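Raw query16.json, JSON, C-alpha atoms:
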[["chain", "number", "residue", "atom", "x", "y", "z"],
["A", 1, "MET", "CA", 8.94, -20.86, -0.12],
["A", 2, "ASN", "CA", 9.22, -23.91, -2.35],
["A", 3, "ILE", "CA", 11.38, -23.91, -5.49],
["A", 4, "ASP", "CA", 8.42, -23.12, -7.78],
["A", 5, "MET", "CA", 7.46, -20.10, -5.72],
["A", 6, "LYS", "CA", 11.05, -18.85, -5.66],
["A", 7, "LEU", "CA", 11.15, -19.06, -9.46],
["A", 8, "CYS", "CA", 7.80, -17.26, -9.74],
["A", 9, "SER", "CA", 9.00, -14.57, -7.31],
["A", 10, "CYS", "CA", 12.16, -13.94, -9.34],
["A", 11, "ILE", "CA", 10.20, -13.58, -12.57],
["A", 12, "VAL", "CA", 7.52, -11.37, -11.04],
["A", 13, "CYS", "CA", 10.19, -9.34, -9.21],
["A", 14, "SER", "CA", 11.91, -8.51, -12.50],
["A", 15, "LEU", "CA", 8.66, -7.56, -14.24],
["A", 16, "LEU", "CA", 7.20, -5.48, -11.42],
["A", 17, "THR", "CA", 10.41, -3.59, -10.79],
["A", 18, "LEU", "CA", 10.35, -2.51, -14.44],
["A", 19, "VAL", "CA", 6.67, -1.56, -14.27],
["A", 20, "PHE", "CA", 6.39, 0.12, -10.88],
["A", 21, "SER", "CA", 9.81, 1.48, -9.86],
["A", 22, "PHE", "CA", 9.70, 5.29, -9.68],
["A", 23, "PRO", "CA", 12.73, 6.53, -7.65],
["A", 24, "VAL", "CA", 12.54, 10.13, -6.44],
["A", 25, "GLY", "CA", 16.12, 10.75, -7.54],
["A", 26, "ALA", "CA", 18.47, 12.19, -4.98],
["A", 27, "GLN", "CA", 19.18, 10.08, -1.91],
["A", 28, "MET", "CA", 17.05, 11.61, 0.85],
["A", 29, "VAL", "CA", 18.21, 9.48, 3.78],
["A", 30, "ILE", "CA", 21.88, 9.16, 4.73],
["A", 31, "ASN", "CA", 23.68, 7.52, 7.63],
["A", 32, "GLN", "CA", 25.74, 10.51, 8.81],
["A", 33, "SER", "CA", 24.72, 13.95, 10.02],
["A", 34, "SER", "CA", 25.49, 16.93, 7.81],
["A", 35, "PRO", "CA", 24.29, 20.56, 7.74],
["A", 36, "GLY", "CA", 20.55, 20.79, 7.16],
["A", 37, "THR", "CA", 19.71, 17.20, 8.01],
["A", 38, "VAL", "CA", 17.02, 16.02, 10.43],
["A", 39, "ARG", "CA", 17.83, 13.04, 12.61],
["A", 40, "LEU", "CA", 15.44, 10.15, 12.04],
["A", 41, "ALA", "CA", 17.34, 7.67, 14.20],
["A", 42, "GLY", "CA", 20.35, 7.73, 16.51],
["A", 43, "ASP", "CA", 21.46, 7.07, 20.08],
["A", 44, "SER", "CA", 18.89, 4.25, 20.33],
["A", 45, "ARG", "CA", 16.03, 6.63, 19.56],
["A", 46, "VAL", "CA", 13.78, 7.00, 16.51],
["A", 47, "ILE", "CA", 11.75, 10.02, 15.43],
["A", 48, "PRO", "CA", 8.08, 9.68, 16.55],
["A", 49, "LEU", "CA", 5.25, 9.56, 14.01],
["A", 50, "LEU", "CA", 2.32, 12.00, 14.18],
["A", 51, "VAL", "CA", -0.83, 10.72, 12.44],
["A", 52, "ASP", "CA", -4.28, 12.33, 12.65],
["A", 53, "GLU", "CA", -6.80, 9.97, 14.24],
["A", 54, "THR", "CA", -9.37, 10.98, 11.60],
["A", 55, "ASP", "CA", -7.20, 10.02, 8.61],
["A", 56, "GLU", "CA", -8.03, 6.94, 6.54],
["A", 57, "VAL", "CA", -7.59, 3.36, 7.76],
["A", 58, "GLY", "CA", -5.11, 2.68, 4.96],
["A", 59, "ILE", "CA", -2.87, 5.51, 6.18],
["A", 60, "LYS", "CA", -2.83, 4.04, 9.67],
["A", 61, "LEU", "CA", -1.99, 0.59, 8.31],
["A", 62, "ALA", "CA", 0.90, 1.98, 6.25],
["A", 63, "ALA", "CA", 2.11, 4.04, 9.22],
["A", 64, "ALA", "CA", 2.10, 0.86, 11.31],
["A", 65, "ALA", "CA", 4.19, -0.81, 8.60],
["A", 66, "LEU", "CA", 6.62, 2.14, 8.67],
["A", 67, "ARG", "CA", 7.05, 1.70, 12.41],
["A", 68, "GLU", "CA", 7.91, -1.95, 11.82],
["A", 69, "ASP", "CA", 10.33, -0.94, 9.05],
["A", 70, "PHE", "CA", 12.14, 1.44, 11.40],
["A", 71, "ASN", "CA", 12.33, -1.42, 13.89],
["A", 72, "ARG", "CA", 13.74, -3.74, 11.21],
["A", 73, "VAL", "CA", 16.45, -1.19, 10.36],
["A", 74, "THR", "CA", 17.34, 0.27, 13.76],
["A", 75, "GLY", "CA", 16.01, -2.22, 16.32],
["A", 76, "VAL", "CA", 13.80, 0.54, 17.75],
["A", 77, "ARG", "CA", 10.07, 0.98, 17.04],
["A", 78, "PRO", "CA", 9.08, 4.68, 16.91],
["A", 79, "GLU", "CA", 6.32, 6.09, 19.08],
["A", 80, "LEU", "CA", 2.96, 6.82, 17.43],
["A", 81, "LEU", "CA", 1.56, 10.23, 18.39],
["A", 82, "SER", "CA", -1.96, 11.61, 18.10],
["A", 83, "ALA", "CA", -1.08, 15.13, 19.31],
["A", 84, "VAL", "CA", 1.81, 17.54, 18.79],
["A", 85, "PRO", "CA", 4.32, 16.90, 21.61],
["A", 86, "GLY", "CA", 5.77, 20.42, 21.74],
["A", 87, "ASN", "CA", 9.03, 19.33, 23.39],
["A", 88, "ASP", "CA", 11.36, 20.72, 20.71],
["A", 89, "SER", "CA", 12.17, 17.22, 19.43],
["A", 90, "PRO", "CA", 11.86, 16.43, 15.69],
["A", 91, "ILE", "CA", 8.72, 14.60, 14.59],
["A", 92, "LEU", "CA", 7.56, 12.85, 11.42],
["A", 93, "ILE", "CA", 4.16, 14.18, 10.33],
["A", 94, "ILE", "CA", 2.06, 11.90, 8.11],
["A", 95, "GLY", "CA", -1.25, 12.78, 6.48],
["A", 96, "THR", "CA", -3.50, 13.36, 3.50],
["A", 97, "LEU", "CA", -4.61, 16.75, 2.24],
["A", 98, "GLY", "CA", -8.21, 17.32, 3.33],
["A", 99, "LYS", "CA", -8.11, 14.40, 5.78],
["A", 100, "SER", "CA", -5.37, 15.38, 8.22],
["A", 101, "ARG", "CA", -5.72, 18.52, 10.33],
["A", 102, "TRP", "CA", -1.93, 18.66, 10.63],
["A", 103, "ILE", "CA", -1.37, 18.70, 6.86],
["A", 104, "ASP", "CA", -4.23, 21.14, 6.29],
["A", 105, "GLN", "CA", -2.81, 23.52, 8.88],
["A", 106, "LEU", "CA", 0.66, 23.38, 7.32],
["A", 107, "VAL", "CA", -0.87, 24.18, 3.93],
["A", 108, "LYS", "CA", -2.94, 27.02, 5.39],
["A", 109, "GLU", "CA", 0.18, 28.52, 6.97],
["A", 110, "LYS", "CA", 2.07, 28.04, 3.67],
["A", 111, "LYS", "CA", 4.68, 25.82, 5.28],
["A", 112, "ILE", "CA", 4.06, 23.25, 2.56],
["A", 113, "GLU", "CA", 2.85, 24.13, -0.94],
["A", 114, "GLY", "CA", -0.82, 23.17, -1.19],
["A", 115, "LYS", "CA", -1.11, 23.75, -4.92],
["A", 116, "GLU", "CA", 1.37, 20.94, -5.47],
["A", 117, "LEU", "CA", -1.17, 18.51, -3.98],
["A", 118, "THR", "CA", -4.64, 19.95, -4.58],
["A", 119, "GLY", "CA", -6.54, 18.00, -7.22],
["A", 120, "LYS", "CA", -3.60, 15.75, -8.00],
["A", 121, "TRP", "CA", -3.77, 11.98, -8.58],
["A", 122, "GLU", "CA", -1.64, 9.90, -6.19],
["A", 123, "LYS", "CA", 0.96, 12.63, -5.71],
["A", 124, "TYR", "CA", 3.10, 13.02, -2.61],
["A", 125, "LEU", "CA", 5.64, 15.35, -1.06],
["A", 126, "ILE", "CA", 8.34, 14.52, 1.48],
["A", 127, "GLN", "CA", 10.10, 17.53, 2.93],
["A", 128, "GLN", "CA", 11.64, 19.13, 5.96],
["A", 129, "VAL", "CA", 9.63, 21.91, 7.66],
["A", 130, "GLU", "CA", 10.99, 24.24, 10.31],
["A", 131, "ASP", "CA", 8.75, 25.53, 13.12],
["A", 132, "SER", "CA", 5.84, 23.45, 11.86],
["A", 133, "PHE", "CA", 3.95, 23.80, 15.14],
["A", 134, "PRO", "CA", 4.66, 25.50, 18.49],
["A", 135, "GLY", "CA", 7.36, 23.53, 20.25],
["A", 136, "VAL", "CA", 8.39, 21.66, 17.08],
["A", 137, "GLN", "CA", 11.54, 23.19, 15.63],
["A", 138, "GLU", "CA", 12.07, 20.55, 12.95],
["A", 139, "ALA", "CA", 9.78, 18.09, 11.24],
["A", 140, "VAL", "CA", 9.81, 15.77, 8.28],
["A", 141, "VAL", "CA", 6.43, 15.96, 6.55],
["A", 142, "ILE", "CA", 4.88, 13.14, 4.52],
["A", 143, "ALA", "CA", 1.88, 14.61, 2.68],
["A", 144, "GLY", "CA", -0.31, 13.06, -0.02],
["A", 145, "SER", "CA", -2.85, 14.51, -2.41],
["A", 146, "ASP", "CA", -5.06, 11.50, -1.74],
["A", 147, "LYS", "CA", -4.91, 8.29, 0.27],
["A", 148, "ARG", "CA", -2.71, 6.38, -2.16],
["A", 149, "GLY", "CA", -0.39, 9.36, -2.51],
["A", 150, "THR", "CA", 0.18, 9.34, 1.24],
["A", 151, "ILE", "CA", 0.66, 5.57, 1.30],
["A", 152, "TYR", "CA", 3.25, 5.76, -1.50],
["A", 153, "ASP", "CA", 4.94, 8.56, 0.44],
["A", 154, "ILE", "CA", 5.21, 6.38, 3.55],
["A", 155, "TYR", "CA", 6.66, 3.43, 1.64],
["A", 156, "GLU", "CA", 9.08, 5.71, -0.23],
["A", 157, "LEU", "CA", 10.58, 6.57, 3.14],
["A", 158, "SER", "CA", 10.64, 2.88, 4.10],
["A", 159, "ASP", "CA", 12.68, 2.14, 0.99],
["A", 160, "ALA", "CA", 14.98, 5.09, 1.69],
["A", 161, "ILE", "CA", 15.81, 3.95, 5.23],
["A", 162, "GLY", "CA", 16.69, 0.45, 4.03],
["A", 163, "VAL", "CA", 13.61, -1.78, 3.61],
["A", 164, "SER", "CA", 13.15, -3.00, 0.04],
["A", 165, "PRO", "CA", 9.60, -3.52, -1.28],
["A", 166, "TRP", "CA", 10.78, -7.12, -1.78],
["A", 167, "TYR", "CA", 11.85, -7.75, 1.82],
["A", 168, "TYR", "CA", 9.13, -10.42, 2.16],
["A", 169, "TRP", "CA", 8.51, -11.90, -1.30],
["A", 170, "ALA", "CA", 12.15, -12.07, -2.43],
["A", 171, "ASP", "CA", 13.88, -12.09, 0.99],
["A", 172, "VAL", "CA", 15.85, -8.91, 0.18],
["A", 173, "PRO", "CA", 17.98, -8.15, 3.27],
["A", 174, "VAL", "CA", 17.20, -5.04, 5.31],
["A", 175, "ARG", "CA", 20.02, -2.45, 5.36],
["A", 176, "LYS", "CA", 20.44, -2.15, 9.11],
["A", 177, "SER", "CA", 21.69, 1.11, 10.64],
["A", 178, "GLY", "CA", 21.44, 2.86, 13.99],
["A", 179, "SER", "CA", 21.88, 6.31, 12.44],
["A", 180, "LEU", "CA", 19.52, 7.80, 9.85],
["A", 181, "PHE", "CA", 19.32, 11.43, 8.71],
["A", 182, "PHE", "CA", 16.85, 13.10, 6.33],
["A", 183, "LYS", "CA", 18.48, 15.48, 3.83],
["A", 184, "ARG", "CA", 16.88, 18.89, 3.37],
["A", 185, "GLY", "CA", 14.76, 19.13, 0.22],
["A", 186, "VAL", "CA", 11.36, 18.49, -1.34],
["A", 187, "TYR", "CA", 11.01, 15.00, -2.81],
["A", 188, "THR", "CA", 8.22, 13.85, -5.12],
["A", 189, "ASP", "CA", 7.54, 11.57, -8.10],
["A", 190, "GLY", "CA", 4.78, 13.82, -9.39],
["A", 191, "GLU", "CA", 1.64, 12.19, -10.73],
["A", 192, "PRO", "CA", 1.90, 8.73, -12.33],
["A", 193, "ALA", "CA", 1.82, 8.63, -16.12],
["A", 194, "VAL", "CA", -0.37, 5.49, -16.08],
["A", 195, "LYS", "CA", -3.49, 5.79, -13.94],
["A", 196, "TYR", "CA", -4.00, 2.13, -13.01],
["A", 197, "ARG", "CA", -0.96, -0.10, -12.55],
["A", 198, "GLY", "CA", -1.23, -3.67, -11.35],
["A", 199, "ILE", "CA", -0.83, -7.39, -11.73],
["A", 200, "PHE", "CA", -2.81, -10.55, -12.42],
["A", 201, "LEU", "CA", -2.30, -13.55, -10.14],
["A", 202, "ASN", "CA", -2.21, -16.73, -12.20],
["A", 203, "ASP", "CA", -2.93, -19.15, -9.36],
["A", 204, "LYS", "CA", -1.58, -22.35, -10.87],
["A", 205, "TRP", "CA", -1.48, -25.44, -8.71],
["A", 206, "PRO", "CA", 0.49, -26.75, -6.93],
["A", 207, "SER", "CA", 2.79, -23.69, -7.15],
["A", 208, "LEU", "CA", 1.11, -20.49, -5.91],
["A", 209, "GLY", "CA", -2.10, -22.28, -4.90],
["A", 210, "GLY", "CA", -0.33, -24.95, -2.87],
["A", 211, "TRP", "CA", 2.03, -22.44, -1.26],
["A", 212, "ALA", "CA", -0.77, -19.99, -0.35],
["A", 213, "THR", "CA", -2.76, -22.84, 1.19],
["A", 214, "SER", "CA", 0.12, -24.23, 3.23],
["A", 215, "THR", "CA", 1.30, -20.75, 4.34],
["A", 216, "PHE", "CA", -1.96, -18.84, 4.90],
["A", 217, "GLY", "CA", -4.74, -21.41, 4.60],
["A", 218, "GLY", "CA", -5.73, -20.27, 1.10],
["A", 219, "PHE", "CA", -6.21, -17.13, -0.96],
["A", 220, "ASN", "CA", -7.55, -15.30, 2.07],
["A", 221, "SER", "CA", -7.05, -11.83, 3.54],
["A", 222, "GLN", "CA", -3.80, -12.88, 5.24],
["A", 223, "PHE", "CA", -2.39, -13.80, 1.83],
["A", 224, "TYR", "CA", -3.78, -10.73, 0.08],
["A", 225, "GLU", "CA", -2.50, -8.38, 2.76],
["A", 226, "LYS", "CA", 1.03, -9.36, 1.73],
["A", 227, "VAL", "CA", 0.19, -8.96, -1.97],
["A", 228, "PHE", "CA", -1.49, -5.57, -1.44],
["A", 229, "GLU", "CA", 1.46, -4.33, 0.60],
["A", 230, "LEU", "CA", 3.88, -5.30, -2.17],
["A", 231, "ILE", "CA", 1.78, -3.54, -4.82],
["A", 232, "LEU", "CA", 1.64, -0.36, -2.72],
["A", 233, "ARG", "CA", 5.35, -0.43, -1.91],
["A", 234, "LEU", "CA", 5.93, -0.59, -5.69],
["A", 235, "LYS", "CA", 3.47, 2.30, -6.24],
["A", 236, "GLY", "CA", 0.86, 0.12, -7.90],
["A", 237, "ASN", "CA", -2.88, 0.26, -7.24],
["A", 238, "TYR", "CA", -4.62, -2.55, -9.14],
["A", 239, "LEU", "CA", -5.08, -6.34, -8.96],
["A", 240, "TRP", "CA", -6.80, -9.13, -10.81],
["A", 241, "PRO", "CA", -6.99, -11.70, -8.01],
["A", 242, "ALA", "CA", -6.47, -15.44, -8.18],
["A", 243, "MET", "CA", -9.36, -17.04, -10.06],
["A", 244, "TRP", "CA", -8.51, -20.59, -11.24],
["A", 245, "ASN", "CA", -9.81, -22.42, -8.19],
["A", 246, "SER", "CA", -10.64, -19.37, -6.07],
["A", 247, "ALA", "CA", -13.31, -16.75, -5.51],
["A", 248, "PHE", "CA", -11.92, -13.47, -4.16],
["A", 249, "TYR", "CA", -15.09, -12.17, -2.48],
["A", 250, "ASP", "CA", -16.49, -15.55, -1.49],
["A", 251, "ASP", "CA", -13.42, -17.35, -0.11],
["A", 252, "ASP", "CA", -12.92, -14.71, 2.59],
["A", 253, "PRO", "CA", -15.41, -11.83, 3.11],
["A", 254, "ARG", "CA", -12.50, -9.83, 4.53],
["A", 255, "ASN", "CA", -10.70, -9.83, 1.14],
["A", 256, "GLY", "CA", -12.81, -7.07, -0.40],
["A", 257, "VAL", "CA", -12.94, -5.03, 2.80],
["A", 258, "LEU", "CA", -9.16, -5.13, 3.11],
["A", 259, "ALA", "CA", -8.67, -4.10, -0.52],
["A", 260, "ASP", "CA", -10.89, -1.08, 0.12],
["A", 261, "GLU", "CA", -9.03, -0.17, 3.31],
["A", 262, "MET", "CA", -5.61, -0.51, 1.68],
["A", 263, "GLU", "CA", -6.82, 1.33, -1.45],
["A", 264, "ILE", "CA", -6.27, -1.49, -3.96],
["A", 265, "VAL", "CA", -8.60, -1.47, -6.97],
["A", 266, "ILE", "CA", -9.86, -4.99, -7.70],
["A", 267, "GLY", "CA", -10.74, -6.02, -11.23],
["A", 268, "THR", "CA", -11.84, -9.35, -12.69],
["A", 269, "SER", "CA", -10.30, -11.31, -15.51],
["A", 270, "HIS", "CA", -11.25, -13.72, -18.27],
["A", 271, "HIS", "CA", -14.95, -14.64, -18.09],
["A", 272, "GLU", "CA", -15.76, -13.24, -14.63],
["A", 273, "PRO", "CA", -18.23, -10.33, -14.86],
["A", 274, "MET", "CA", -19.98, -8.36, -12.12],
["A", 275, "GLY", "CA", -17.57, -9.18, -9.30],
["A", 276, "ARG", "CA", -18.39, -12.87, -9.52],
["A", 277, "ALA", "CA", -15.71, -15.56, -9.73],
["A", 278, "HIS", "CA", -16.32, -18.47, -12.08],
["A", 279, "LYS", "CA", -15.75, -20.81, -9.14],
["A", 280, "GLU", "CA", -18.91, -19.37, -7.56],
["A", 281, "TRP", "CA", -21.00, -20.74, -10.43],
["A", 282, "SER", "CA", -20.12, -24.28, -9.37],
["A", 283, "ARG", "CA", -20.99, -23.32, -5.79],
["A", 284, "TYR", "CA", -24.23, -21.41, -6.33],
["A", 285, "GLY", "CA", -25.27, -21.54, -9.99],
["A", 286, "SER", "CA", -27.76, -23.87, -11.64],
["A", 287, "GLY", "CA", -28.38, -24.84, -15.22],
["A", 288, "ALA", "CA", -26.27, -23.88, -18.23],
["A", 289, "TRP", "CA", -23.63, -21.12, -18.28],
["A", 290, "ASP", "CA", -25.43, -19.80, -21.34],
["A", 291, "TYR", "CA", -27.30, -16.51, -21.39],
["A", 292, "ALA", "CA", -29.37, -17.58, -24.39],
["A", 293, "VAL", "CA", -31.09, -20.33, -22.42],
["A", 294, "ASN", "CA", -30.53, -19.42, -18.74],
["A", 295, "ARG", "CA", -30.97, -15.66, -18.64],
["A", 296, "ALA", "CA", -33.02, -15.36, -15.44],
["A", 297, "VAL", "CA", -30.62, -17.45, -13.33],
["A", 298, "LEU", "CA", -27.53, -15.66, -14.68],
["A", 299, "ASP", "CA", -29.12, -12.24, -14.12],
["A", 300, "GLU", "CA", -29.79, -13.12, -10.50],
["A", 301, "PHE", "CA", -26.30, -14.60, -10.09],
["A", 302, "TRP", "CA", -24.63, -11.43, -11.41],
["A", 303, "ARG", "CA", -27.02, -9.17, -9.48],
["A", 304, "GLY", "CA", -25.84, -10.86, -6.29],
["A", 305, "GLY", "CA", -22.25, -10.04, -7.19],
["A", 306, "THR", "CA", -22.92, -6.33, -7.77],
["A", 307, "GLU", "CA", -25.01, -6.05, -4.58],
["A", 308, "ARG", "CA", -22.18, -7.64, -2.60],
["A", 309, "LEU", "CA", -19.82, -4.91, -3.89],
["A", 310, "LYS", "CA", -22.08, -1.96, -3.12],
["A", 311, "ASP", "CA", -19.89, -0.70, -0.27]]

What's the structure tokens form of this structure?
Amino acid sequence: MNIDMKLCSCIVCSLLTLVFSFPVGAQMVINQSSPGTVRLAGDSRVIPLLVDETDEVGIKLAAAALREDFNRVTGVRPELLSAVPGNDSPILIIGTLGKSRWIDQLVKEKKIEGKELTGKWEKYLIQQVEDSFPGVQEAVVIAGSDKRGTIYDIYELSDAIGVSPWYYWADVPVRKSGSLFFKRGVYTDGEPAVKYRGIFLNDKWPSLGGWATSTFGGFNSQFYEKVFELILRLKGNYLWPAMWNSAFYDDDPRNGVLADEMEIVIGTSHHEPMGRAHKEWSRYGSGAWDYAVNRAVLDEFWRGGTERLKD
């Protein structure tokens, strides 16, 4: 990054850590075995991940990131399972209540407490479960009340094993270790006190705008994937995208789709109603930006923005 971006990152880092940091309290991952722990990594092996194929795309994306995080920490990328192995080895079960058959079965059999998740907003549980399924003596379960709850759960474990939410944007070093053990217990942040928590990208040039262009080719889905991931790792859910010389939905059609998949709520700022960026008016508008004299054109312009967002 250039010097301007480094300065921006430091400022944003300080602000976002204050806004979004919700530690679960007790340290749930340690580097040495002790009574009641489940081995996550050791002897050049890492616990495999079990994810239901029918769960949401965002869960699969976060699970893929967790695999990379394990690889960053241990040098070993865990196996991704779609069925219970039944070989008496520990597994990491990831899923959302009502979306994952594995989580629903554990709730039905009262091996995890369903009432702690049912009807909750962005809540998660991380806990050890014994005899979760036939042939699985020990498991660590990551369960969310909804998609974002599960995603936060996944990234909470990433942070616990040694990957900071700021590993990319602020170059925070990964805490490398070949031995990782999950401590017995039930870990949760509960429901967030503030329902929507996010940031506004002030895309000044040449700082963020120039850097995004030289690094990703613009404010496209490759850029926003990194931003969305940071927000989720910090347990946020909301973004006002870059708007000075950019158009979130028009610059890259994949931007909105990716936000939906990763469960980021997109708002608009300043004078940008109906999902339309002001930059789009110079691209597609005609006449005055004045509803008193150009009502029909503006109505059609805004209608196009809402129709584009219908899915």

Between A:Trp102, A:Tyr168, A:Phe70, A:Tyr155, which residue has the minimum interatomic distance to Ser44 in chain A, considering only C-alpha atoms?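 Selected residue with least distance to Ser44 in chain A: A:Phe70.
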
* Have a look at A:Gly304, A:Gly42, A:Gly275, A:Pro241 and name the one nearest to Asn202 in chain A; count all atoms listed in the file. =>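 For Asn202 in chain A, the nearest of the candidates is A:Pro241.
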
Applying 12 Å and only C-alpha atoms, which residues near Phe219 in chain A remain after dropping the ones on its own chain fewer than 2 positions away? List them as number ranges by chain. A: 201-203, 208-217, 221-227, 241-255

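When the distance limit is 8 Å and only C-alpha atoms are what count, the residues near Gly198 in chain A, minus those fewer than 5 positions from it on the same chain, are Ile231, Gly236, Asn237, Tyr238, Leu239 and Trp240 of chain A.
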
Since we have the selection now, will you write its residues out, keeping C-alpha atoms, as an mmCIF file, keeping the file's coordinate frame?
data_model
loop_
_atom_site.group_PDB
_atom_site.id
_atom_site.type_symbol
_atom_site.label_atom_id
_atom_site.label_comp_id
_atom_site.auth_asym_id
_atom_site.auth_seq_id
_atom_site.Cartn_x
_atom_site.Cartn_y
_atom_site.Cartn_z
ATOM 1 C CA ILE A 231 1.780 -3.540 -4.820
ATOM 2 C CA GLY A 236 0.860 0.120 -7.900
ATOM 3 C CA ASN A 237 -2.880 0.260 -7.240
ATOM 4 C CA TYR A 238 -4.620 -2.550 -9.140
ATOM 5 C CA LEU A 239 -5.080 -6.340 -8.960
ATOM 6 C CA TRP A 240 -6.800 -9.130 -10.810
#

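Nearest to Ile264 in chain A of all the residues A:Arg283, A:Arg276, A:Arg45, A:Arg148 is A:Arg148, counting all atoms listed in the file.
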
Please report, as JSON lines, each residue of range 190-280 of chain A lying at most 12 Å from range 299-302 of chain A, together with the nearest pair of atoms and the separation in Å rounded to one decimal; use all atoms listed in the file, and order rows by chain and ascending residue number.
{"residue": "A:Glu272", "atom": "CA", "partner": "A:Trp302", "partner_atom": "CA", "distance": 9.6}
{"residue": "A:Pro273", "atom": "CA", "partner": "A:Trp302", "partner_atom": "CA", "distance": 7.4}
{"residue": "A:Met274", "atom": "CA", "partner": "A:Trp302", "partner_atom": "CA", "distance": 5.6}
{"residue": "A:Gly275", "atom": "CA", "partner": "A:Trp302", "partner_atom": "CA", "distance": 7.7}
{"residue": "A:Arg276", "atom": "CA", "partner": "A:Trp302", "partner_atom": "CA", "distance": 6.7}
{"residue": "A:Ala277", "atom": "CA", "partner": "A:Trp302", "partner_atom": "CA", "distance": 10.0}
{"residue": "A:His278", "atom": "CA", "partner": "A:Phe301", "partner_atom": "CA", "distance": 10.9}
{"residue": "A:Glu280", "atom": "CA", "partner": "A:Phe301", "partner_atom": "CA", "distance": 9.2}

Kindly give the distance, in Å, that separates CA of Asp171 in chain A and CA of Asn31 in chain A, rounded to a single decimal.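 Interatomic distance, CA of Asp171 in chain A to CA of Asn31 in chain A: 22.9 Å.
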
Subject >> Long-range neighbours of Tyr167 in chain A as a list in words, 12 Å cut-off, all atoms listed in the file, 6 positions minimum in chain >> reply: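 Once the adjacent positions are removed, what remains is Ser9, Cys13, Asp69, Arg72, Val73, Ser158, Asp159, Pro173, Val174, Arg175, Lys226, Glu229, Leu230, Arg233 and Leu234 of chain A.
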
- Message: Please return as number ranges by chain every residue within 12 Å of (3.0, 23.1, 4.7), taking into account all atoms listed in the file and the file's own coordinates.
- Response: A: 93-97, 100-117, 125-133, 139-144, 186
